[in-house]
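Participant: Just one file: run_30.cif, with mmCIF, C-alpha atoms and all ligand atoms.
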```cif
data_upload
#
loop_
_atom_site.label_atom_id
_atom_site.label_comp_id
_atom_site.auth_asym_id
_atom_site.auth_seq_id
_atom_site.Cartn_x
_atom_site.Cartn_y
_atom_site.Cartn_z
CA MET M 287 -16.40 1.86 -7.42
CA ILE M 288 -13.87 4.68 -7.44
CA VAL M 289 -10.15 4.25 -6.88
CA ALA M 290 -8.49 7.58 -6.05
CA ILE M 291 -4.75 7.91 -6.63
CA ASP M 292 -3.23 11.12 -5.32
CA GLY M 293 0.36 12.21 -4.94
CA PRO M 294 3.08 14.62 -6.02
CA ALA M 295 4.62 15.07 -9.49
CA GLY M 296 6.66 12.10 -10.68
CA SER M 297 5.38 9.66 -8.04
CA GLY M 298 4.11 7.35 -10.80
CA LYS M 299 0.38 8.09 -10.55
CA GLY M 300 -0.31 8.06 -14.27
CA THR M 301 1.57 4.81 -14.91
CA ILE M 302 0.05 2.94 -11.97
CA ALA M 303 -3.46 4.33 -12.52
CA SER M 304 -3.43 3.19 -16.18
CA MET M 305 -2.17 -0.27 -15.22
CA LEU M 306 -4.91 -0.62 -12.59
CA ALA M 307 -7.59 0.62 -14.98
CA GLU M 308 -6.52 -1.88 -17.61
CA TYR M 309 -6.33 -4.77 -15.16
CA PHE M 310 -9.72 -4.17 -13.51
CA GLY M 311 -11.52 -2.96 -16.66
CA PHE M 312 -12.05 0.49 -15.13
CA LYS M 313 -12.16 3.85 -16.84
CA TYR M 314 -9.01 5.93 -16.30
CA VAL M 315 -9.43 9.67 -15.70
CA ASP M 316 -6.31 11.85 -15.50
CA SER M 317 -7.53 14.99 -13.70
CA GLY M 318 -4.12 16.66 -14.10
CA LEU M 319 -4.64 16.58 -17.85
CA LEU M 320 -7.70 18.83 -17.45
CA TYR M 321 -5.58 21.37 -15.51
CA ARG M 322 -2.88 21.02 -18.15
CA LYS M 323 -5.37 21.79 -20.94
CA VAL M 324 -6.50 24.98 -19.19
CA ALA M 325 -2.84 25.86 -18.58
CA ALA M 326 -1.87 25.36 -22.24
CA ALA M 327 -4.80 27.53 -23.34
CA SER M 328 -3.79 30.23 -20.87
CA ILE M 329 -0.34 30.36 -22.50
CA TRP M 330 -1.27 30.12 -26.19
CA ALA M 331 -4.94 31.14 -26.34
CA PRO M 332 -5.58 33.34 -23.29
CA SER M 333 -8.91 34.68 -24.56
CA VAL M 334 -10.50 31.23 -24.93
CA ASP M 335 -13.29 30.33 -22.49
CA LEU M 336 -12.34 27.79 -19.80
CA GLN M 337 -14.76 25.05 -20.90
CA ASP M 338 -13.74 25.51 -24.53
CA ALA M 339 -10.10 25.15 -23.49
CA ILE M 340 -10.90 21.72 -22.10
CA TYR M 341 -13.39 20.47 -24.68
CA SER M 342 -12.43 22.08 -27.97
CA MET M 343 -8.73 22.92 -27.97
CA ASP M 344 -6.30 20.41 -29.37
CA PHE M 345 -2.77 20.36 -27.96
CA SER M 346 -0.32 17.55 -28.64
CA LYS M 347 0.49 15.12 -25.83
CA ASP M 348 4.09 16.36 -25.75
CA VAL M 349 2.97 19.97 -25.32
CA LEU M 350 0.54 19.02 -22.56
CA ARG M 351 3.16 16.93 -20.73
CA SER M 352 5.89 19.59 -21.05
CA GLU M 353 7.52 21.19 -18.00
CA GLU M 354 6.29 24.62 -19.10
CA VAL M 355 2.66 23.51 -19.11
CA GLY M 356 3.10 21.52 -15.88
CA ALA M 357 4.45 24.56 -14.05
CA ARG M 358 1.64 26.74 -15.38
CA ALA M 359 -0.93 24.08 -14.43
CA SER M 360 0.34 24.13 -10.86
CA GLU M 361 -0.07 27.94 -10.81
CA ILE M 362 -3.59 28.06 -12.23
CA ALA M 363 -4.69 25.10 -10.08
CA GLY M 364 -4.92 27.56 -7.19
CA VAL M 365 -7.59 29.68 -8.94
CA PRO M 366 -11.02 28.92 -7.36
CA GLN M 367 -13.07 29.14 -10.61
CA ILE M 368 -10.68 26.78 -12.41
CA ARG M 369 -10.70 24.31 -9.51
CA SER M 370 -14.46 24.17 -9.29
CA LEU M 371 -14.83 23.72 -13.05
CA VAL M 372 -12.27 20.89 -13.21
CA THR M 373 -13.75 19.26 -10.08
CA GLU M 374 -17.20 19.30 -11.66
CA LEU M 375 -15.89 17.91 -14.97
CA SER M 376 -13.94 15.19 -13.14
CA ARG M 377 -17.09 14.13 -11.29
CA ARG M 378 -19.00 14.08 -14.58
CA CYS M 379 -16.31 11.88 -16.18
CA ALA M 380 -16.91 9.35 -13.39
CA GLN M 381 -20.66 9.31 -13.99
CA ASN M 382 -20.53 8.45 -17.68
CA ILE M 383 -18.53 5.27 -17.47
CA GLY M 384 -20.31 3.31 -20.20
CA PRO M 385 -19.19 -0.33 -20.18
CA TYR M 386 -16.57 0.12 -17.45
CA ALA M 387 -16.96 -1.49 -14.03
CA GLY M 388 -15.46 1.43 -12.11
CA VAL M 389 -13.14 4.41 -12.27
CA VAL M 390 -9.50 5.04 -11.44
CA MET M 391 -8.84 8.76 -11.16
CA ASP M 392 -5.51 10.37 -10.36
CA GLY M 393 -4.59 13.86 -9.19
CA ARG M 394 -3.88 15.81 -6.03
CA ASP M 395 -7.30 16.07 -4.35
CA ILE M 396 -9.31 13.12 -5.69
CA GLY M 397 -9.79 11.37 -2.36
CA THR M 398 -10.05 14.56 -0.32
CA VAL M 399 -12.26 16.85 -2.42
CA VAL M 400 -13.47 15.34 -5.70
CA PHE M 401 -14.55 11.97 -4.23
CA PRO M 402 -14.20 12.01 -0.44
CA GLY M 403 -16.29 8.81 -0.41
CA ALA M 404 -14.00 6.94 -2.87
CA THR M 405 -13.91 3.18 -2.26
CA CYS M 406 -10.13 3.07 -2.18
CA LYS M 407 -7.64 5.91 -1.63
CA ILE M 408 -3.96 5.53 -2.46
CA TYR M 409 -1.31 8.16 -1.87
CA LEU M 410 1.67 7.48 -4.13
CA THR M 411 4.92 9.14 -3.24
CA ALA M 412 8.70 8.91 -3.83
CA SER M 413 11.72 10.97 -2.85
CA PRO M 414 12.16 14.27 -4.75
CA GLU M 415 15.46 12.97 -6.17
CA VAL M 416 13.85 9.86 -7.63
CA ARG M 417 10.91 11.87 -8.96
CA ALA M 418 13.27 14.37 -10.63
CA LYS M 419 15.21 11.51 -12.26
CA ARG M 420 11.99 10.01 -13.60
CA ARG M 421 10.89 13.37 -15.01
CA LEU M 422 14.24 13.95 -16.66
CA ALA M 423 14.14 10.49 -18.22
CA TYR M 424 10.65 11.30 -19.56
CA ILE M 425 11.83 14.63 -21.02
CA ASN M 426 14.83 12.97 -22.68
CA ARG M 427 12.74 10.11 -24.02
CA HIS M 428 10.22 12.46 -25.62
CA GLY M 429 12.76 15.08 -26.72
CA SER M 430 10.48 17.65 -25.09
CA GLY M 431 13.12 20.11 -23.87
CA THR M 432 16.70 20.44 -22.73
CA ALA M 433 16.32 20.65 -18.95
CA THR M 434 19.16 19.64 -16.63
CA TYR M 435 18.67 17.43 -13.56
CA GLU M 436 19.10 20.47 -11.28
CA GLU M 437 16.40 22.41 -13.15
CA VAL M 438 13.94 19.52 -13.03
CA TYR M 439 14.70 18.93 -9.33
CA GLU M 440 14.07 22.60 -8.49
CA ASN M 441 10.88 22.52 -10.51
CA ILE M 442 9.66 19.45 -8.59
CA LEU M 443 10.35 21.11 -5.22
CA GLU M 444 8.61 24.30 -6.33
CA ARG M 445 5.54 22.37 -7.50
CA ASP M 446 5.43 20.27 -4.33
CA SER M 447 5.44 23.39 -2.22
CA ARG M 448 2.80 25.17 -4.32
CA ASP M 449 0.53 22.10 -4.50
CA SER M 450 0.77 21.45 -0.76
CA SER M 451 0.45 25.00 0.50
CA ARG M 452 -2.40 26.41 -1.59
CA GLU M 453 -5.57 27.36 0.25
CA ILE M 454 -8.06 25.34 -1.80
CA ALA M 455 -7.70 21.58 -2.21
CA PRO M 456 -4.03 21.31 -1.27
CA LEU M 457 -2.12 18.06 -1.78
CA THR M 458 -2.74 16.34 1.54
CA ILE M 459 -4.05 13.03 2.90
CA SER M 460 -6.67 11.84 5.37
CA ASP M 461 -6.55 8.76 7.64
CA ASP M 462 -8.25 6.54 5.08
CA TYR M 463 -5.37 6.70 2.55
CA VAL M 464 -2.89 3.90 2.04
CA VAL M 465 0.53 5.46 1.48
CA ILE M 466 2.79 3.72 -1.04
CA ASP M 467 6.39 4.87 -1.47
CA THR M 468 7.58 3.94 -4.96
CA SER M 469 11.17 5.26 -4.60
CA ASN M 470 12.79 1.82 -4.77
CA GLU M 471 10.31 0.05 -7.00
CA ILE M 472 9.70 -0.47 -10.68
CA PRO M 473 6.08 0.18 -11.76
CA LYS M 474 5.28 -3.56 -11.84
CA GLU M 475 6.13 -3.87 -8.14
CA SER M 476 4.02 -0.88 -7.05
CA PHE M 477 1.19 -2.10 -9.29
CA SER M 478 1.17 -5.54 -7.75
CA ARG M 479 1.04 -4.09 -4.19
CA ILE M 480 -1.85 -1.76 -5.06
CA LYS M 481 -3.68 -4.41 -7.08
CA LYS M 482 -3.84 -6.54 -3.91
CA ILE M 483 -5.21 -3.61 -1.89
CA VAL M 484 -7.95 -3.01 -4.48
CA GLU M 485 -8.76 -6.74 -4.72
CA ASN M 486 -9.25 -6.91 -0.97
CA ILE M 487 -11.86 -4.18 -1.19
CA LEU M 488 -13.73 -5.52 -4.25
O1 LIG M 501 2.09 14.57 -13.95
P1 LIG M 501 2.21 15.46 -12.77
O2 LIG M 501 1.96 14.75 -11.48
O3 LIG M 501 3.43 16.28 -12.77
O4 LIG M 501 1.10 16.55 -12.90
P2 LIG M 501 -0.40 16.40 -13.31
O5 LIG M 501 -1.07 15.32 -12.53
O6 LIG M 501 -0.49 16.32 -14.79
O7 LIG M 501 -0.99 17.80 -12.81
C1 LIG M 501 -0.43 19.04 -13.21
C2 LIG M 501 -0.72 20.07 -12.13
O8 LIG M 501 -2.15 20.22 -11.99
C3 LIG M 501 -0.23 19.67 -10.72
O9 LIG M 501 1.06 20.18 -10.43
C4 LIG M 501 -1.26 20.29 -9.80
O10 LIG M 501 -0.91 21.59 -9.42
C5 LIG M 501 -2.51 20.39 -10.64
N1 LIG M 501 -3.52 19.40 -10.24
C6 LIG M 501 -4.33 19.69 -9.17
O11 LIG M 501 -4.19 20.73 -8.55
N2 LIG M 501 -5.33 18.83 -8.82
C7 LIG M 501 -5.50 17.68 -9.47
N3 LIG M 501 -6.49 16.86 -9.11
C8 LIG M 501 -4.65 17.34 -10.55
C9 LIG M 501 -3.66 18.21 -10.90
#
```
Before anything else, please render the file you have as structure tokens.
Facilitator:
Amino acid sequence: MIVAIDGPAGSGKGTIASMLAEYFGFKYVDSGLLYRKVAAASIWAPSVDLQDAIYSMDFSKDVLRSEEVGARASEIAGVPQIRSLVTELSRRCAQNIGPYAGVVMDGRDIGTVVFPGATCKIYLTASPEVRAKRRLAYINRHGSGTATYEEVYENILERDSRDSSREIAPLTISDDYVVIDTSNEIPKESFSRIKKIVENIL
């Protein structure tokens, strides 16, 4: 069983996907992290091979989650060779699930391209203002930069537009997605709504 969670930056995908994975005993795969690893390598180790960037390079969580790496990830995510490599690795991650009963994978194209046959497809969204506030809170909490709200907000809009308008695997939905707007909810509330959706399918 595969639960696909797609949506724009700051919509809460990572938080909700981890909560679901823990609750259902599923493996959690963060596909964005794979793009972020390639992005970090392209900044600090540009001559490293793509696969090595993902498998062998060690960047700290704060570096990988930084705005700089996020913006670069959104740029390189439009490169066909990088997309097909990450898509293939994401599919492989879902094959080797060991003791887990299923997989929760989050990203931009999980239910449209990586697993079009996913059992359950959720599109998480929230207003750009709320998403920018969440990002800023994250940056302040982790001391990973000195961005202002305006900068983060602009960055979110730029990423939304790049992720939705690229030619390959843009951020989009099909009829079989359930759209959940998390703008006015705390994670626990969104989790409990999505948990019910997944339970109805199980
Ligand atoms: O955490 P956030 O939603 O900001 O980003 P992420 O999920 O870590 O992904 C970083 C970037 O990788 C996104 O802005 C996308 O451009 C790209 N990405 C993608 O194109 N396809 C995916 N399945 C996952 C991420």
Participant: One decimal, Å: what's the distance from atom CA of Lys482 of chain M over to atom CA of Val389 of chain M, could you say?
Facilitator: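 Here the two named atoms are 16.6 Å from each other.
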Participant: Rounded to one decimal, what separation in Å do you get between atom C5 of ligand LIG 501 (chain M) and atom CA of Ser469 of chain M?
Facilitator: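 So the two atoms, atom C5 of ligand LIG 501 (chain M) and atom CA of Ser469 of chain M, lie 21.3 Å apart.
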Participant: How big is the axis-aligned box around the listed atoms of ligand LIG 501 (chain M) once 3 Å is added on each side, and where is its centre? Give both in Å to one decimal, as AutoDock Vina command-line options.
Facilitator:
```
--center_x -1.5 --center_y 18.1 --center_z -11.7 --size_x 15.9 --size_y 13.0 --size_z 12.2
```
Participant: Check the smallest atom-to-atom distance from each of M:Ala423, M:Ile459, M:Val365, M:Ile329 to ligand LIG 501 (chain M) using all atoms listed in the file, then report the winner.
Facilitator: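 Of M:Ala423, M:Ile459, M:Val365, M:Ile329, the one nearest ligand LIG 501 (chain M) is M:Val365, counting all atoms listed in the file.
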Participant: Counting all atoms listed in the file, name the residues that have an atom within 8 Å of an atom of ligand LIG 501 (chain M); the answer should be given as a PyMOL selection string.
Facilitator: chain M and resi 292-300+316-322+351+356-364+369+373+392-396+400+445-446+448-449+455-457
Participant: Using only C-alpha atoms, pick whichever of M:Ala418, M:Thr432, M:Ile483, M:Pro366 has the shortest atom-to-atom distance to Glu453 of chain M.
Facilitator: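 Checking each candidate against Glu453 of chain M, we get M:Pro366 as the closest.
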Participant: Determine the nearest neighbour of Leu488 of chain M from the options M:Leu443, M:Ala339, M:Val289, M:Leu422, counting all atoms listed in the file.
Facilitator: M:Val289
Participant: Nearest to Pro402 of chain M among M:Glu308, M:Asp461, M:Glu475, M:Glu485, with distances taken over all atoms listed in the file: which residue is it?
Facilitator: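 The answer is M:Asp461, which sits nearest to Pro402 of chain M.
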Participant: Ranking M:Ala404, M:Val416, M:Leu375, M:Ile454 by minimum distance to Val438 of chain M and counting only C-alpha atoms, which one comes first?
Facilitator: M:Val416
Participant: Could you tell me which of M:Ser342, M:Ile442, M:Met391, M:Ile302 comes closest to Arg378 of chain M if we count all atoms listed in the file?
Facilitator: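 Among the listed residues, M:Met391 lies closest to Arg378 of chain M.
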Participant: As an exercise, work out the distance from atom CA of Arg421 of chain M to atom CA of Lys407 of chain M in Å and give it to one decimal place.
Facilitator: 24.0 Å
Participant: Would you kindly return, as an MDAnalysis selection string, each protein, DNA or RNA residue with an atom no farther than 8 Å from any atom of Thr405 of chain M, considering all atoms listed in the file and excluding same-chain residues fewer than 5 positions away?
Facilitator: chainID M and resid 287:290 487
Participant: Export, as a PDB file, in the coordinates of the input, the selected residues with C-alpha atoms.
Facilitator:
```
ATOM      1  CA  MET M 287     -16.400   1.860  -7.420  1.00  0.00           C
ATOM      2  CA  ILE M 288     -13.870   4.680  -7.440  1.00  0.00           C
ATOM      3  CA  VAL M 289     -10.150   4.250  -6.880  1.00  0.00           C
ATOM      4  CA  ALA M 290      -8.490   7.580  -6.050  1.00  0.00           C
ATOM      5  CA  ILE M 487     -11.860  -4.180  -1.190  1.00  0.00           C
TER       6      ILE M 487
END
```
Participant: Rebuild segment 426-440 of chain M to N, CA, C and O atoms - output it as a tab-separated table (two decimals), in the frame of the given file, please.
Facilitator:
```tsv
chain	number	residue	atom	x	y	z
M	426	ASN	N	13.84	13.44	-21.71
M	426	ASN	CA	14.83	12.97	-22.68
M	426	ASN	C	14.23	11.99	-23.67
M	426	ASN	O	14.51	12.04	-24.87
M	427	ARG	N	13.36	11.12	-23.15
M	427	ARG	CA	12.74	10.11	-24.02
M	427	ARG	C	11.87	10.77	-25.08
M	427	ARG	O	11.82	10.35	-26.22
M	428	HIS	N	11.16	11.83	-24.69
M	428	HIS	CA	10.22	12.46	-25.62
M	428	HIS	C	10.83	13.66	-26.34
M	428	HIS	O	10.14	14.34	-27.10
M	429	GLY	N	12.10	13.95	-26.07
M	429	GLY	CA	12.76	15.08	-26.72
M	429	GLY	C	12.01	16.38	-26.48
M	429	GLY	O	12.03	17.28	-27.32
M	430	SER	N	11.31	16.46	-25.31
M	430	SER	CA	10.48	17.65	-25.09
M	430	SER	C	11.19	18.68	-24.22
M	430	SER	O	10.69	19.10	-23.20
M	431	GLY	N	12.42	19.07	-24.62
M	431	GLY	CA	13.12	20.11	-23.87
M	431	GLY	C	14.55	19.74	-23.60
M	431	GLY	O	15.00	18.65	-23.96
M	432	THR	N	15.28	20.66	-22.97
M	432	THR	CA	16.70	20.44	-22.73
M	432	THR	C	17.04	20.69	-21.26
M	432	THR	O	18.10	21.20	-20.94
M	433	ALA	N	16.12	20.35	-20.37
M	433	ALA	CA	16.32	20.65	-18.95
M	433	ALA	C	17.45	19.81	-18.35
M	433	ALA	O	17.70	18.69	-18.78
M	434	THR	N	18.15	20.39	-17.36
M	434	THR	CA	19.16	19.64	-16.63
M	434	THR	C	18.50	19.01	-15.41
M	434	THR	O	17.39	19.39	-15.03
M	435	TYR	N	19.22	18.07	-14.75
M	435	TYR	CA	18.67	17.43	-13.56
M	435	TYR	C	18.36	18.48	-12.50
M	435	TYR	O	17.30	18.46	-11.88
M	436	GLU	N	19.30	19.44	-12.31
M	436	GLU	CA	19.10	20.47	-11.28
M	436	GLU	C	17.83	21.27	-11.54
M	436	GLU	O	17.07	21.57	-10.62
M	437	GLU	N	17.60	21.62	-12.81
M	437	GLU	CA	16.40	22.41	-13.15
M	437	GLU	C	15.12	21.62	-12.84
M	437	GLU	O	14.17	22.13	-12.26
M	438	VAL	N	15.13	20.36	-13.24
M	438	VAL	CA	13.94	19.52	-13.03
M	438	VAL	C	13.70	19.33	-11.53
M	438	VAL	O	12.58	19.42	-11.03
M	439	TYR	N	14.80	19.13	-10.78
M	439	TYR	CA	14.70	18.93	-9.33
M	439	TYR	C	14.10	20.18	-8.66
M	439	TYR	O	13.17	20.08	-7.85
M	440	GLU	N	14.60	21.34	-9.05
M	440	GLU	CA	14.07	22.60	-8.49
M	440	GLU	C	12.59	22.75	-8.81
M	440	GLU	O	11.78	23.15	-7.98
```
